[in-house]
Each structure stands twice: as C-alpha cells, then as structure tokens.
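> Sharing a structure below in structure tokens format, with a few things to ask.
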Amino acid sequence: MSRPRRMGQFPGTLLFCAAGLVLTVVSVSGLQQLEAPHHEPTGMVPHAIAVGDFNSDGIPDIAVPAAAERKVTVLIGNGKGGFAGNHSYPTGMGPSWVEIGDWNGDSKLDIVTANTGAGSLTFYLGDGNGHFTRAEDFPDIHGPASAVAVDVNRDGKIDLAVVQARESRVLILENQGGSFKLGATYDVGRGPHIVTKADLNADGMPDLIVGTFARHMLAVLLGKGDGTFVKAGETPVGRFPHYVALGDWNRDGRQDLAVVSAGEDAIYLFEGDGTGALSKSGMLPTGANPHGLATADLDGDGFADLVVSTRSAGELAIFLGDGKGGFKPLPAIRTKQDIIALAAGDFDRDGKIDLALVSASYNSVVMLRGDGKGGFAPFPGANAQKM
C-alpha cells in the first residue's frame with residue numbers, strides 16, 4: 001500500500017435499504033441517475049477496510065472484518081474494479097479492525113484483526129498468492145479498537161501499536177521475527193478509538209496519533225526510534241474524532257492532518273509545524289455523521305484531496321485541495337446507504353483514483369470508478385471470472 005491503508009470501524013445503527021438501490025450523483029449540472037452498483041459480500045456488520053497487493057500481481061486487493069460473523073473477508077482484485085476471489089477467514093469475536101503488514105519478514109503481506117469482543121488479535125500469514133494461514137491468536141488485549149503496523153525500534157521488523165479502548169491506552173507489541181511480545185503502554189485519555197502512524201517532527205521516526213471519544217482530543221506520541229514514545233500533548237478536535245488523513249496540504253514540507261469529527265458534522269484541518277505540534281487551520285462542513293476518510297489526488301493536479309463518507313446523510317463529500325492549505329467542495333455524491341469506511345486506490349489501473357466503500361447497509365463492498373476530475377460512478381461489468 002505504498003503502505004496499505006486501512007482505511008478502518010465500529011458498530012453503529014445499520015440502515016437496511018430497499019433492494020432496488022439507485023446511486024445518484026449530484027453534479028453541477030444536476031442529478032445524474034446511475035444503475036445500482038454491485039455489492040460484494042463481506043459478512044455481517046463490516047467495520048473497516050485495508051488495501052494491499054496480497055497476490056503480488058500489481059492489482060490492489062481488499063480485507064474487511066465482519067464483526068457479527070467473527071471473520072475477515074479477503075477480496076482479490078481483478079484489475080477491472082471488481083474481484084476475482086472472495087475468501088473468508090475466522091477470527092475472534094467482534095473483529096472491528098484489520099491491518100496489513102509483513103509479520104514474518106518474507107516480503108509477503110500478512111493481516112491481523114483487532115477483535116474487540118474477544119479482547120484479542122488474530123494473525124494470518126499470507127502466501128503471496130492471495131491466501132492466508134492462521135498463525136497466532138494474541139489474547140488479553142482488553143478491548144482492542146484499532147491497530148497500526150509500525151517499526152517502532154527501526155530493526156526492520158514490523159511491530160504493532162494497538163489501541164486498548166477499555167484501558168484508555170496504546171499498547172506496543174514488539175515483533176520477535178513473526179511472533180509478538182508485550183511492550184510498553186501509553187495512556188492517551190478516555191475512549192481512544194483510531195490510531196494512525198505519522199512523522200510529525202520529520203525525524204524519520206514513526207509517531208502515533210490517537211483520537212479519543214470521551215475527551216474529544218487527538219493525543220500525539222512522538223517516537224524516539226528505540227521502541228519508546230514521548231507523549232507530546234493533546235489537541236482539541238471536536239466531538240467523536242474518527243479517521244485521520246495525513247498530507248502536506250500547503251506544500252511546506254511538513255505533515256498536516258485532516259480529522260473527521262462525527263459530532264460536529266465536519267472535517268477539522270490541522271497544520272503541522274514540523275516539531276510535532278498541530279494548529280487548527282480550517283474546518284470543512286459535511287453531511288450528518290461523517291466517518292470514513294481518505295486522501296488522494298482525485299483530479300490529477302498534483303494536490304492532495306479529501307473524500308469522506310457521511311453515514312447518516314448517506315453521502316460522499318469530495319474536497320479538492322488547492323495546494324495552499326484550502327479545499328474546494330464538490331457537489332455531494334448520494335449513496336443512499338451507510339458507508340462506514342472507505343479506501344482510495346487505482347483498482348482498474350487506468351491511472352485515476354477509484355474508491356472502495358464498506359457498506360454497513362448491505363454488509364458489502366461497493367466499488368466506484370474515478371473519472372480523474374473528482375467524480376465517481378459504479379464500475380460497469382467488473383465482477384466476472386470470480387474464483
């Protein structure tokens with residue numbers, strides 16, 4: 001994934017829509033009625049998404065955890081915006097997150113699920129051909145909400161930072177060559193939710209950002225490169241921060257942030273100063289209950305853009321970056337469904353960014369093809385020849 005993105009979450013109220021779903025795209029010229037998109041099944045109550053090339057064919061693949069069925073579904077991309085394979089693997093109870101990394105150092109992507117209900121992690125090793133073998137269950141994590149793959153001590157082995165929601169802290173699991181041992185823990189405030197890897201002080205060492213539901217803050221942990229972190233403080237962000245997107249919005253060479261605030265119906269923008277400190281630089285209004293967030297160059301102008309799903313409004317909001325720290329909203333895309341997580345990538349290899357949407361309404365993934373201008377529509381005939 002370049003680095004695989006997950007893009008991500010937690011159970012909410014499911015919206016069950018009529019079978020005759022029609023995706024409508026609101027454009028400047030008015031409403032455009034499109035055919036119903038294909039829904040690729042993922043299992044009941046999907047929560048998050050991760051994207052990586054599991055079979056080494058250069059085509060992005062997808063992993064989605066299904067909390068109500070205790071499984072993770074792996075979808076193998078066919079290079080046309082659809083899927084050539086759909087395989088599921090059992091997990092512990094209530095998997096709410098999936099992350100990708102190379103746990104055993106064989107240059108093949110592996111996966112792990114954070115099983116909130118079971119208080120455990122489930123590790124799978126990839127064979128490089130799109131299939132996985134269960135490797136280990138790691139118990140006694142106490143409410144794991146999310147995890148991120150990160151080499152905390154720069155030894156070339158991919159470790160994990162895991163949010164322990166029940167304990168209000170982040171736990172480091174150190175990779176011992178394919179197995180993991182408990183490392184240090186860090187308090188991050190009540191109700192931690194999603195952890196994101198960053199390099200906020202440009203020292204080449206990974207830092208961590210954690211949104212906290214109960215405090216409505218971002219907690220920043222600055223990595224020392226030896227496996228330990230220094231807490232750099234908290235930044236107010238609005239109620240119920242969900243996904244974080246990283247980018248250099250103003251092209252000053254410093255890492256900036258965008259954070260979804262579900263309780264404010266907005267995306268908050270933060271400018272980094274290169275030392276680890278963040279300052280609020282703007283706010284982008286969205287529809288009701290924003291959740292999933294991704295950043296990519298959607299219109300091919302070389303500037304980072306943003307796309308967010310609004311669960312209650314049933315919309316995708318698109319914001320095109322101007323390279324100066326500002327964003328221009330495009331007319332919303334009406335999905336008429338609850339998109340709980342999303343990911344951006346070139347799923348049909350045409351050089352334009354597409355979207356993969358996790359639909360809580362349909363317990364599925366929906367693929368949308370990008371037009372290179374910030375517009376999206378369902379892929380035509382993308383799901384033939386499935387294994």
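The way I read the labels, and the way they are meant: chains A, B, ... in the order of the structure tokens, residue 1 as the first residue of every chain, and ligand 1 as the first ligand shown, with later ones counted on from there.
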Would you write out, as CSV, a table of all residues in range 203-298 of chain A that have an atom no more than 12 Å from an atom of range 365-370 of chain A, listing for each the closest atom pair and the distance in Å to one decimal, considering only C-alpha atoms and ordering rows by chain and rising residue number?


```
residue,atom,partner,partner_atom,distance
A:Ala296,CA,A:Gly370,CA,11.4
A:Asp297,CA,A:Gly370,CA,10.8
A:Leu298,CA,A:Gly370,CA,7.6
```

> Please provide as a list in words all residues within 12 Å of Lys80 in chain A, with the sequence filter that same-chain residues fewer than 5 positions apart are discarded (counting only C-alpha atoms).

Ile59, Pro60, Asp61, Asp346, Phe347, Asp348, Arg349, Asp350, Asp354, Met367, Leu368, Arg369, Pro378, Phe379, Pro380, Gly381, Ala382, Asn383, Ala384 and Gln385 of chain A

> Can you tell me, as number ranges by chain, what residues are no more than 7 Å from Thr42 in chain A when counting only C-alpha atoms, ignoring any on the same chain fewer than 4 positions away?

A: 46, 64, 66, 73, 363-365

> Show which residues sit within 10 Å of Asp127 in chain A, as a PDB file with C-alpha atoms, in the first residue's frame. Count only C-alpha atoms, and ignore same-chain residues fewer than 4 positions away.


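What follows is the written file around.pdb:
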```pdb
ATOM      1  CA  PHE A  54      -1.941  -9.901  -1.477  1.00  0.00           C
ATOM      2  CA  ASN A  55      -1.109 -11.986  -4.588  1.00  0.00           C
ATOM      3  CA  SER A  56       1.721  -9.856  -5.982  1.00  0.00           C
ATOM      4  CA  ASP A 106       9.143 -12.976   3.928  1.00  0.00           C
ATOM      5  CA  SER A 107       8.123  -9.962   1.771  1.00  0.00           C
ATOM      6  CA  LYS A 108       4.533 -11.265   1.576  1.00  0.00           C
ATOM      7  CA  LEU A 109       1.677  -9.286   3.088  1.00  0.00           C
ATOM      8  CA  ASP A 110       0.030 -10.641   6.232  1.00  0.00           C
ATOM      9  CA  HIS A 131      -4.356 -16.969   0.557  1.00  0.00           C
ATOM     10  CA  PHE A 132      -3.674 -16.891   4.297  1.00  0.00           C
ATOM     11  CA  THR A 133      -2.801 -19.334   7.071  1.00  0.00           C
TER      12      THR A 133
END
```

> Per residue of range 281-302 of chain A within 10 Å of range 265-268 of chain A, record the nearest atom pair and its distance in Å to one decimal, counting only C-alpha atoms, with rows in chain order and ascending residue number, as CSV.


```
residue,atom,partner,partner_atom,distance
A:Ser281,CA,A:Tyr268,CA,7.9
A:Gly282,CA,A:Tyr268,CA,6.1
A:Met283,CA,A:Tyr268,CA,4.6
A:Leu284,CA,A:Ile267,CA,5.0
A:Pro285,CA,A:Ala266,CA,4.4
A:Thr286,CA,A:Ala266,CA,5.0
A:Gly287,CA,A:Asp265,CA,6.0
A:Ala288,CA,A:Asp265,CA,5.4
A:Asn289,CA,A:Asp265,CA,5.6
A:Pro290,CA,A:Asp265,CA,5.9
A:His291,CA,A:Asp265,CA,9.3
A:Leu293,CA,A:Ile267,CA,9.1
```

> Hey, can you spit out that residue selection with C-alpha atoms as an mmCIF file, in the first residue's frame?


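Saved as again_27.cif:
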```cif
data_model
loop_
_atom_site.group_PDB
_atom_site.id
_atom_site.type_symbol
_atom_site.label_atom_id
_atom_site.label_comp_id
_atom_site.auth_asym_id
_atom_site.auth_seq_id
_atom_site.Cartn_x
_atom_site.Cartn_y
_atom_site.Cartn_z
ATOM 1 C CA SER A 281 -6.157 25.713 10.137
ATOM 2 C CA GLY A 282 -9.736 25.210 8.993
ATOM 3 C CA MET A 283 -12.974 23.247 9.070
ATOM 4 C CA LEU A 284 -14.892 21.634 6.208
ATOM 5 C CA PRO A 285 -18.645 21.134 6.830
ATOM 6 C CA THR A 286 -20.025 17.722 5.824
ATOM 7 C CA GLY A 287 -23.346 15.920 5.937
ATOM 8 C CA ALA A 288 -24.598 14.235 9.096
ATOM 9 C CA ASN A 289 -22.330 11.806 10.967
ATOM 10 C CA PRO A 290 -19.098 11.757 8.919
ATOM 11 C CA HIS A 291 -16.926 8.704 9.485
ATOM 12 C CA LEU A 293 -11.933 9.435 5.358
#
```

> Could you pull out all residues of range 80-110 of chain A with a DSSP call of strand (DSSP E) and give them as a PyMOL selection string?

chain A and resi 83-90+95-101+110

> In terms of the shortest atom-to-atom distance over only C-alpha atoms, which of A:Ser359, A:Asn250, A:Ser312, A:Thr185 is closest to Lys231 in chain A?

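The answer is A:Thr185, which sits nearest to Lys231 in chain A.
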
> With 12 Å as the cut-off and only C-alpha atoms counted, what is the closest atom pair between each nearby residue of range 272-385 of chain A and range 187-203 of chain A? Distances in Å to one decimal, ordered by chain and number, as JSON lines.


```
{"residue": "A:Gly272", "atom": "CA", "partner": "A:Leu200", "partner_atom": "CA", "distance": 6.8}
{"residue": "A:Asp273", "atom": "CA", "partner": "A:Asn201", "partner_atom": "CA", "distance": 7.8}
{"residue": "A:Gly274", "atom": "CA", "partner": "A:Asn201", "partner_atom": "CA", "distance": 4.5}
{"residue": "A:Thr275", "atom": "CA", "partner": "A:Asn201", "partner_atom": "CA", "distance": 4.1}
{"residue": "A:Gly276", "atom": "CA", "partner": "A:Leu200", "partner_atom": "CA", "distance": 4.7}
{"residue": "A:Ala277", "atom": "CA", "partner": "A:Leu200", "partner_atom": "CA", "distance": 7.7}
{"residue": "A:Leu278", "atom": "CA", "partner": "A:Leu200", "partner_atom": "CA", "distance": 8.7}
{"residue": "A:His291", "atom": "CA", "partner": "A:Ile194", "partner_atom": "CA", "distance": 11.4}
{"residue": "A:Gly292", "atom": "CA", "partner": "A:Ile194", "partner_atom": "CA", "distance": 11.4}
```

> So that I can check the surroundings of Leu269 in chain A, please list as a list in words every protein, DNA and RNA residue that reaches within 10 Å of it, counting only C-alpha atoms and ignoring chain neighbours fewer than 6 positions away.

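After dropping sequence-adjacent residues, the list is Val237, Val244, Ala245, Trp249, Asp256, Leu257, Ala258, Val259, Val260, Leu278, Ser279, Lys280, Ser281, Gly282, Met283, Leu284, Gly325, Gly326 and Phe327 of chain A.
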
> Take CA of Thr122 in chain A and CA of Gly105 in chain A and report the distance between them in Å, one decimal.

17.7 Å

> For Ala343 in chain A, which residue among A:Leu355, A:Val230, A:Ala184, A:Gln255 is the nearest when counting only C-alpha atoms?

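Looking at the shortest contact to Ala343 in chain A, the residue is A:Leu355.
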
> Calculated over only C-alpha atoms, which of the candidates A:Ala313, A:Asn115, A:Lys224, A:Gly323 has the smallest distance to Gly253 in chain A?

A:Gly323

> Please report the interatomic distance between CA of Asn175 in chain A and CA of Ile62 in chain A in Å with one decimal.

23.8 Å

> Separation of CA of Asp207 in chain A and CA of Gln164 in chain A, in Å?

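One can read the CA of Asp207 in chain A to CA of Gln164 in chain A distance as 17.4 Å.
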